[in-house]
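Q: Coordinates in query-v7.json, JSON, C-alpha atoms, are listed below.
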```json
[["chain", "number", "residue", "atom", "x", "y", "z"],
["A", 222, "MET", "CA", 0.00, 0.00, 0.00],
["A", 223, "ALA", "CA", 1.32, 3.44, -0.94],
["A", 224, "PHE", "CA", 1.96, 6.14, 1.65],
["A", 225, "LYS", "CA", -0.87, 8.65, 1.81],
["A", 226, "SER", "CA", -0.25, 12.11, 3.26],
["A", 227, "PRO", "CA", -2.76, 13.27, 5.91],
["A", 228, "ASN", "CA", -3.04, 16.50, 3.88],
["A", 229, "ALA", "CA", -3.65, 14.83, 0.49],
["A", 230, "GLY", "CA", -6.58, 16.32, -1.35],
["A", 231, "GLN", "CA", -7.11, 19.14, 1.15],
["A", 232, "THR", "CA", -7.12, 22.82, 0.30],
["A", 233, "SER", "CA", -4.77, 25.23, 2.10],
["A", 234, "LEU", "CA", -7.63, 26.29, 4.38],
["A", 235, "THR", "CA", -8.18, 22.78, 5.72],
["A", 236, "LEU", "CA", -4.56, 21.60, 6.03],
["A", 237, "GLN", "CA", -3.78, 19.98, 9.35],
["A", 238, "HIS", "CA", -1.55, 22.11, 11.50],
["A", 239, "ALA", "CA", 1.54, 20.40, 12.90],
["A", 240, "THR", "CA", 0.30, 20.95, 16.44],
["A", 241, "SER", "CA", -3.24, 19.74, 15.90],
["A", 242, "PRO", "CA", -4.28, 16.74, 18.00],
["A", 243, "ARG", "CA", -4.53, 14.58, 14.86],
["A", 244, "SER", "CA", -0.91, 15.27, 13.80],
["A", 245, "GLY", "CA", 0.49, 13.01, 16.52],
["A", 246, "TYR", "CA", 2.56, 15.81, 18.10],
["A", 247, "LYS", "CA", 2.98, 15.42, 21.87],
["A", 248, "PRO", "CA", 4.43, 18.46, 23.69],
["A", 249, "PRO", "CA", 6.93, 17.87, 26.49],
["A", 250, "PRO", "CA", 5.63, 18.03, 30.08],
["A", 251, "GLY", "CA", 4.97, 21.60, 31.21],
["A", 252, "HIS", "CA", 4.40, 22.87, 27.67],
["A", 253, "ASN", "CA", 1.13, 23.82, 26.03],
["A", 254, "LYS", "CA", -0.06, 22.14, 22.83],
["A", 255, "ASP", "CA", 1.91, 24.64, 20.74],
["A", 256, "GLY", "CA", 5.18, 23.51, 22.39],
["A", 257, "TYR", "CA", 5.94, 26.61, 24.46],
["A", 258, "THR", "CA", 5.89, 27.11, 28.22],
["A", 259, "MET", "CA", 3.71, 29.87, 29.63],
["A", 260, "ALA", "CA", 6.79, 31.99, 30.40],
["A", 261, "GLU", "CA", 7.96, 31.67, 26.78],
["A", 262, "ARG", "CA", 4.52, 32.68, 25.51],
["A", 263, "VAL", "CA", 4.51, 35.78, 27.76],
["A", 264, "THR", "CA", 7.99, 36.74, 26.54],
["A", 265, "MET", "CA", 6.94, 36.33, 22.89],
["A", 266, "ALA", "CA", 3.76, 38.35, 23.49],
["A", 267, "LYS", "CA", 5.94, 41.18, 24.81],
["A", 268, "GLY", "CA", 7.95, 41.21, 21.60],
["A", 269, "GLY", "CA", 10.63, 38.76, 22.70],
["A", 270, "ARG", "CA", 12.05, 41.03, 25.39],
["A", 271, "SER", "CA", 13.01, 39.90, 28.85],
["A", 272, "GLU", "CA", 10.31, 40.24, 31.49],
["A", 273, "ASN", "CA", 12.29, 42.79, 33.54],
["A", 274, "PRO", "CA", 13.89, 45.29, 31.13],
["A", 275, "ILE", "CA", 16.38, 47.67, 32.72],
["A", 276, "ARG", "CA", 15.05, 51.11, 33.56],
["A", 277, "LYS", "CA", 16.44, 54.02, 31.56],
["A", 278, "THR", "CA", 17.21, 56.23, 34.52],
["A", 279, "THR", "CA", 19.93, 58.86, 34.48],
["A", 280, "GLY", "CA", 21.67, 60.73, 37.25],
["A", 281, "LYS", "CA", 22.95, 59.60, 40.64],
["A", 282, "GLY", "CA", 22.30, 55.88, 41.14],
["A", 283, "GLY", "CA", 20.91, 55.50, 37.59],
["A", 284, "ASN", "CA", 21.71, 53.05, 34.83],
["A", 285, "TYR", "CA", 22.78, 55.71, 32.32],
["A", 286, "ARG", "CA", 25.06, 58.74, 32.67],
["A", 287, "LYS", "CA", 23.77, 62.23, 32.09],
["A", 288, "THR", "CA", 24.94, 63.75, 28.84],
["A", 289, "LYS", "CA", 27.23, 66.22, 30.60],
["A", 290, "SER", "CA", 29.05, 63.43, 32.42],
["A", 291, "GLY", "CA", 29.81, 61.50, 29.22],
["A", 292, "ALA", "CA", 26.57, 59.66, 28.30],
["A", 293, "GLY", "CA", 26.67, 55.84, 28.09],
["A", 294, "MET", "CA", 25.90, 53.24, 30.76],
["A", 295, "THR", "CA", 27.08, 53.23, 34.35],
["A", 296, "ALA", "CA", 28.64, 50.18, 35.99],
["A", 297, "LYS", "CA", 25.33, 49.66, 37.80],
["A", 298, "GLY", "CA", 23.48, 49.79, 34.47],
["A", 299, "VAL", "CA", 25.83, 47.22, 32.94],
["A", 300, "ARG", "CA", 25.25, 44.89, 35.93],
["A", 301, "ALA", "CA", 21.47, 45.31, 35.56],
["A", 302, "TYR", "CA", 21.65, 44.59, 31.81],
["A", 303, "ARG", "CA", 23.79, 41.48, 32.33],
["A", 304, "ALA", "CA", 21.39, 40.22, 35.01],
["A", 305, "ALA", "CA", 18.46, 40.67, 32.62],
["A", 306, "ASN", "CA", 20.37, 39.11, 29.67],
["A", 307, "PRO", "CA", 22.35, 36.04, 30.82],
["A", 308, "GLY", "CA", 25.37, 35.33, 28.67],
["A", 309, "SER", "CA", 25.84, 38.99, 27.74],
["A", 310, "LYS", "CA", 29.41, 40.26, 27.46],
["A", 311, "LEU", "CA", 28.55, 43.95, 27.84],
["A", 312, "LYS", "CA", 31.25, 45.97, 29.57],
["A", 313, "THR", "CA", 31.69, 49.58, 30.66],
["A", 314, "ALA", "CA", 33.60, 52.15, 28.63],
["A", 315, "VAL", "CA", 37.40, 52.07, 28.33],
["A", 316, "THR", "CA", 38.27, 55.44, 29.86],
["A", 317, "GLY", "CA", 41.75, 55.05, 31.31],
["A", 318, "LYS", "CA", 45.22, 54.85, 29.82],
["A", 319, "VAL", "CA", 45.78, 51.58, 27.95],
["A", 320, "LYS", "CA", 48.76, 49.77, 26.45],
["A", 321, "LYS", "CA", 48.89, 49.74, 22.68],
["A", 322, "GLY", "CA", 47.51, 46.48, 21.26],
["A", 323, "SER", "CA", 45.88, 45.37, 24.54],
["A", 324, "LYS", "CA", 42.29, 44.04, 24.68],
["A", 325, "ALA", "CA", 41.12, 47.35, 26.12],
["A", 326, "ALA", "CA", 42.89, 49.30, 23.38],
["A", 327, "ASN", "CA", 41.24, 47.11, 20.74],
["A", 328, "ARG", "CA", 37.80, 47.60, 22.37],
["A", 329, "ARG", "CA", 38.35, 51.35, 22.30],
["A", 330, "LYS", "CA", 39.49, 51.29, 18.68],
["A", 331, "SER", "CA", 36.45, 49.23, 17.71],
["A", 332, "TYR", "CA", 34.02, 51.48, 19.61],
["A", 333, "CYS", "CA", 35.55, 54.61, 18.12],
["A", 334, "ALA", "CA", 35.22, 53.23, 14.58],
["A", 335, "ARG", "CA", 31.61, 52.15, 15.22],
["A", 336, "SER", "CA", 30.59, 55.42, 16.84],
["A", 337, "ALA", "CA", 32.23, 57.43, 14.04],
["A", 338, "GLY", "CA", 29.76, 55.76, 11.69],
["A", 339, "GLN", "CA", 26.88, 56.57, 14.05],
["A", 340, "LEU", "CA", 28.02, 60.19, 14.19],
["A", 341, "ARG", "CA", 28.36, 60.37, 10.41],
["A", 342, "ASN", "CA", 24.82, 58.99, 9.92],
["A", 343, "SER", "CA", 23.19, 61.27, 12.51],
["A", 344, "SER", "CA", 21.43, 64.55, 11.81],
["A", 345, "ALA", "CA", 23.41, 67.71, 11.07],
["A", 346, "LYS", "CA", 22.22, 69.18, 14.37],
["A", 347, "THR", "CA", 23.66, 66.21, 16.33],
["A", 348, "ARG", "CA", 26.85, 66.10, 14.23],
["A", 349, "ASN", "CA", 27.60, 69.77, 14.87],
["A", 350, "ASP", "CA", 26.56, 69.90, 18.53],
["A", 351, "PRO", "CA", 29.62, 69.42, 20.78],
["A", 352, "ASN", "CA", 27.30, 68.45, 23.66],
["A", 353, "SER", "CA", 25.27, 65.74, 21.87],
["A", 354, "ARG", "CA", 25.16, 62.33, 23.58],
["A", 355, "ILE", "CA", 27.23, 60.63, 20.85],
["A", 356, "ARG", "CA", 29.95, 63.30, 21.02],
["A", 357, "GLN", "CA", 30.05, 63.20, 24.82],
["A", 358, "ALA", "CA", 30.29, 59.39, 24.78],
["A", 359, "ARG", "CA", 33.11, 59.55, 22.21],
["A", 360, "ARG", "CA", 34.92, 62.08, 24.39],
["A", 361, "ARG", "CA", 34.53, 59.78, 27.40],
["A", 362, "TRP", "CA", 35.98, 56.85, 25.41],
["A", 363, "LYS", "CA", 38.81, 59.21, 24.31],
["A", 364, "CYS", "CA", 38.06, 58.83, 20.58]]
```
Do you think you could lay out the structure here as structure tokens?
A:
Amino acid sequence: MAFKSPNAGQTSLTLQHATSPRSGYKPPPGHNKDGYTMAERVTMAKGGRSENPIRKTTGKGGNYRKTKSGAGMTAKGVRAYRAANPGSKLKTAVTGKVKKGSKAANRRKSYCARSAGQLRNSSAKTRNDPNSRIRQARRRWKC
């Protein structure tokens, strides 16, 4: 006897979905019939973001620096981000004196090249403003 597809002769509107009870799919314990846990469904409903995004607060005790103090994230902000995103390798800015060719020097060189492109693609107002966030951050990184 020849193999017959369960969808043979059906229109696209009546095709069996892979997760329908008749497809033979059995989700693992703790998962709904679509194969996701409730936590995964909540995360997807929120656009795939973590459930506790870091707050964008500036100033004393905040996660981001004020523009006048060099923009960018604070050490506290980096810790909060890494807690919310396990496996992240985010680090704070390289602001001190570094040896040529060191990892820190290479991070600085990479950031400066990347941020130069951001500056180039920003509006004329931002490009020409010495106190814009991108310029202050570049100054802090010593670009």
Q: Within 8 Å of stretch 293-299 of chain A, counting all atoms listed in the file, which residues qualify if same-chain residues fewer than 2 places away don't, as a list in words?
A: Ile275, Gly282, Gly283, Asn284, Tyr285, Arg286, Gly291, Ala301, Tyr302, Arg303, Leu311, Lys312, Thr313, Ala314 and Ala358 of chain A
Q: How many Å separate atom CA of A:Ser343 from atom CA of A:Thr288?
A: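 Distance reported for this atom pair: 16.6 Å.
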Q: Of the candidates A:Ala292, A:Ala305, A:Val315, A:Ile355, which one gets nearest to A:Gly338 if we count all atoms listed in the file?
A: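 Of A:Ala292, A:Ala305, A:Val315, A:Ile355, the one nearest A:Gly338 is A:Ile355, counting all atoms listed in the file.
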Q: Suppose you want the space between atom CA of A:Arg356 and atom CA of A:Arg300; what is it in Å?
A: 24.2 Å
Q: I want to know what sits within 12 Å of A:Ser344, based on only C-alpha atoms, with residues of the same chain fewer than 5 positions away left out; could you give that as a short mmCIF file (atom, residue, chain, number, x, y, z; two decimals) with C-alpha atoms, keeping the file's coordinate frame?
A:
```cif
data_model
loop_
_atom_site.label_atom_id
_atom_site.label_comp_id
_atom_site.auth_asym_id
_atom_site.auth_seq_id
_atom_site.Cartn_x
_atom_site.Cartn_y
_atom_site.Cartn_z
CA GLN A 339 26.88 56.57 14.05
CA ASN A 349 27.60 69.77 14.87
CA ASP A 350 26.56 69.90 18.53
CA SER A 353 25.27 65.74 21.87
CA ILE A 355 27.23 60.63 20.85
#
```
Q: Measure the distance from atom CA of A:Lys330 to atom CA of A:Cys364 in Å and round it to one decimal.
A: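 Between atom CA of A:Lys330 and atom CA of A:Cys364 the gap is 7.9 Å.
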Q: Return the single residue from A:Arg359, A:Lys320, A:Lys289, A:Lys281 that is closest to A:Ala334, with distances computed using only C-alpha atoms.
A: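 With only C-alpha atoms as the atom set, the closest residue is A:Arg359.
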Q: Rank nothing, just name the residue among A:Ser336, A:Asn327, A:Ser309, A:Asn352 nearest to A:Ser290, using only C-alpha atoms.
A: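 For A:Ser290, the nearest of the candidates is A:Asn352.
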Q: Identify which of the residues A:Lys287, A:Ala345, A:Gly280, A:Lys310 lies closest to A:Gln357, counting all atoms listed in the file when measuring atom-to-atom distances.
A: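 Smallest distance to A:Gln357 is found for A:Lys287.
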Q: N, CA and C atoms are needed for stretch 290-315 of chain A; please write them out as a PDB file, in the coordinates of the input.
A:
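That gives us part.pdb:
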```
ATOM      1  N   SER A 290      28.002  64.253  31.804  1.00  0.00           N
ATOM      2  CA  SER A 290      29.050  63.430  32.420  1.00  0.00           C
ATOM      3  C   SER A 290      29.513  62.305  31.493  1.00  0.00           C
ATOM      4  N   GLY A 291      29.233  62.423  30.200  1.00  0.00           N
ATOM      5  CA  GLY A 291      29.810  61.500  29.220  1.00  0.00           C
ATOM      6  C   GLY A 291      28.869  60.500  28.608  1.00  0.00           C
ATOM      7  N   ALA A 292      27.562  60.580  28.890  1.00  0.00           N
ATOM      8  CA  ALA A 292      26.570  59.660  28.300  1.00  0.00           C
ATOM      9  C   ALA A 292      26.958  58.211  28.573  1.00  0.00           C
ATOM     10  N   GLY A 293      26.342  57.253  27.919  1.00  0.00           N
ATOM     11  CA  GLY A 293      26.670  55.840  28.090  1.00  0.00           C
ATOM     12  C   GLY A 293      26.129  55.248  29.388  1.00  0.00           C
ATOM     13  N   MET A 294      26.401  53.966  29.593  1.00  0.00           N
ATOM     14  CA  MET A 294      25.900  53.240  30.760  1.00  0.00           C
ATOM     15  C   MET A 294      26.854  53.331  31.940  1.00  0.00           C
ATOM     16  N   THR A 295      26.283  53.286  33.125  1.00  0.00           N
ATOM     17  CA  THR A 295      27.080  53.230  34.350  1.00  0.00           C
ATOM     18  C   THR A 295      27.411  51.776  34.647  1.00  0.00           C
ATOM     19  N   ALA A 296      28.296  51.549  35.597  1.00  0.00           N
ATOM     20  CA  ALA A 296      28.640  50.180  35.990  1.00  0.00           C
ATOM     21  C   ALA A 296      27.395  49.473  36.532  1.00  0.00           C
ATOM     22  N   LYS A 297      26.573  50.224  37.271  1.00  0.00           N
ATOM     23  CA  LYS A 297      25.330  49.660  37.800  1.00  0.00           C
ATOM     24  C   LYS A 297      24.401  49.255  36.653  1.00  0.00           C
ATOM     25  N   GLY A 298      24.315  50.086  35.631  1.00  0.00           N
ATOM     26  CA  GLY A 298      23.480  49.790  34.470  1.00  0.00           C
ATOM     27  C   GLY A 298      23.946  48.554  33.732  1.00  0.00           C
ATOM     28  N   VAL A 299      25.262  48.396  33.618  1.00  0.00           N
ATOM     29  CA  VAL A 299      25.830  47.220  32.940  1.00  0.00           C
ATOM     30  C   VAL A 299      25.490  45.964  33.752  1.00  0.00           C
ATOM     31  N   ARG A 300      25.605  46.045  35.084  1.00  0.00           N
ATOM     32  CA  ARG A 300      25.250  44.890  35.930  1.00  0.00           C
ATOM     33  C   ARG A 300      23.773  44.534  35.767  1.00  0.00           C
ATOM     34  N   ALA A 301      22.908  45.549  35.730  1.00  0.00           N
ATOM     35  CA  ALA A 301      21.470  45.310  35.560  1.00  0.00           C
ATOM     36  C   ALA A 301      21.180  44.663  34.214  1.00  0.00           C
ATOM     37  N   TYR A 302      21.853  45.148  33.158  1.00  0.00           N
ATOM     38  CA  TYR A 302      21.650  44.590  31.810  1.00  0.00           C
ATOM     39  C   TYR A 302      22.102  43.135  31.762  1.00  0.00           C
ATOM     40  N   ARG A 303      23.261  42.855  32.358  1.00  0.00           N
ATOM     41  CA  ARG A 303      23.790  41.480  32.330  1.00  0.00           C
ATOM     42  C   ARG A 303      22.924  40.542  33.148  1.00  0.00           C
ATOM     43  N   ALA A 304      22.301  41.050  34.214  1.00  0.00           N
ATOM     44  CA  ALA A 304      21.390  40.220  35.010  1.00  0.00           C
ATOM     45  C   ALA A 304      20.131  39.897  34.215  1.00  0.00           C
ATOM     46  N   ALA A 305      19.667  40.866  33.415  1.00  0.00           N
ATOM     47  CA  ALA A 305      18.460  40.670  32.620  1.00  0.00           C
ATOM     48  C   ALA A 305      18.741  39.862  31.347  1.00  0.00           C
ATOM     49  N   ASN A 306      19.999  39.805  30.912  1.00  0.00           N
ATOM     50  CA  ASN A 306      20.370  39.110  29.670  1.00  0.00           C
ATOM     51  C   ASN A 306      21.536  38.164  29.950  1.00  0.00           C
ATOM     52  N   PRO A 307      21.270  36.979  30.500  1.00  0.00           N
ATOM     53  CA  PRO A 307      22.350  36.040  30.820  1.00  0.00           C
ATOM     54  C   PRO A 307      23.177  35.705  29.579  1.00  0.00           C
ATOM     55  N   GLY A 308      24.472  35.636  29.783  1.00  0.00           N
ATOM     56  CA  GLY A 308      25.370  35.330  28.670  1.00  0.00           C
ATOM     57  C   GLY A 308      25.886  36.567  27.963  1.00  0.00           C
ATOM     58  N   SER A 309      25.402  37.748  28.358  1.00  0.00           N
ATOM     59  CA  SER A 309      25.840  38.990  27.740  1.00  0.00           C
ATOM     60  C   SER A 309      27.288  39.278  28.120  1.00  0.00           C
ATOM     61  N   LYS A 310      28.019  39.901  27.196  1.00  0.00           N
ATOM     62  CA  LYS A 310      29.410  40.260  27.460  1.00  0.00           C
ATOM     63  C   LYS A 310      29.591  41.776  27.520  1.00  0.00           C
ATOM     64  N   LEU A 311      28.497  42.495  27.780  1.00  0.00           N
ATOM     65  CA  LEU A 311      28.550  43.950  27.840  1.00  0.00           C
ATOM     66  C   LEU A 311      29.504  44.408  28.935  1.00  0.00           C
ATOM     67  N   LYS A 312      30.304  45.414  28.616  1.00  0.00           N
ATOM     68  CA  LYS A 312      31.250  45.970  29.570  1.00  0.00           C
ATOM     69  C   LYS A 312      31.133  47.487  29.573  1.00  0.00           C
ATOM     70  N   THR A 313      31.716  48.113  30.593  1.00  0.00           N
ATOM     71  CA  THR A 313      31.690  49.580  30.660  1.00  0.00           C
ATOM     72  C   THR A 313      32.738  50.149  29.713  1.00  0.00           C
ATOM     73  N   ALA A 314      32.698  51.463  29.552  1.00  0.00           N
ATOM     74  CA  ALA A 314      33.600  52.150  28.630  1.00  0.00           C
ATOM     75  C   ALA A 314      35.063  52.022  29.061  1.00  0.00           C
ATOM     76  N   VAL A 315      35.953  52.059  28.068  1.00  0.00           N
ATOM     77  CA  VAL A 315      37.400  52.070  28.330  1.00  0.00           C
ATOM     78  C   VAL A 315      37.786  53.542  28.430  1.00  0.00           C
TER      79      VAL A 315
END
```
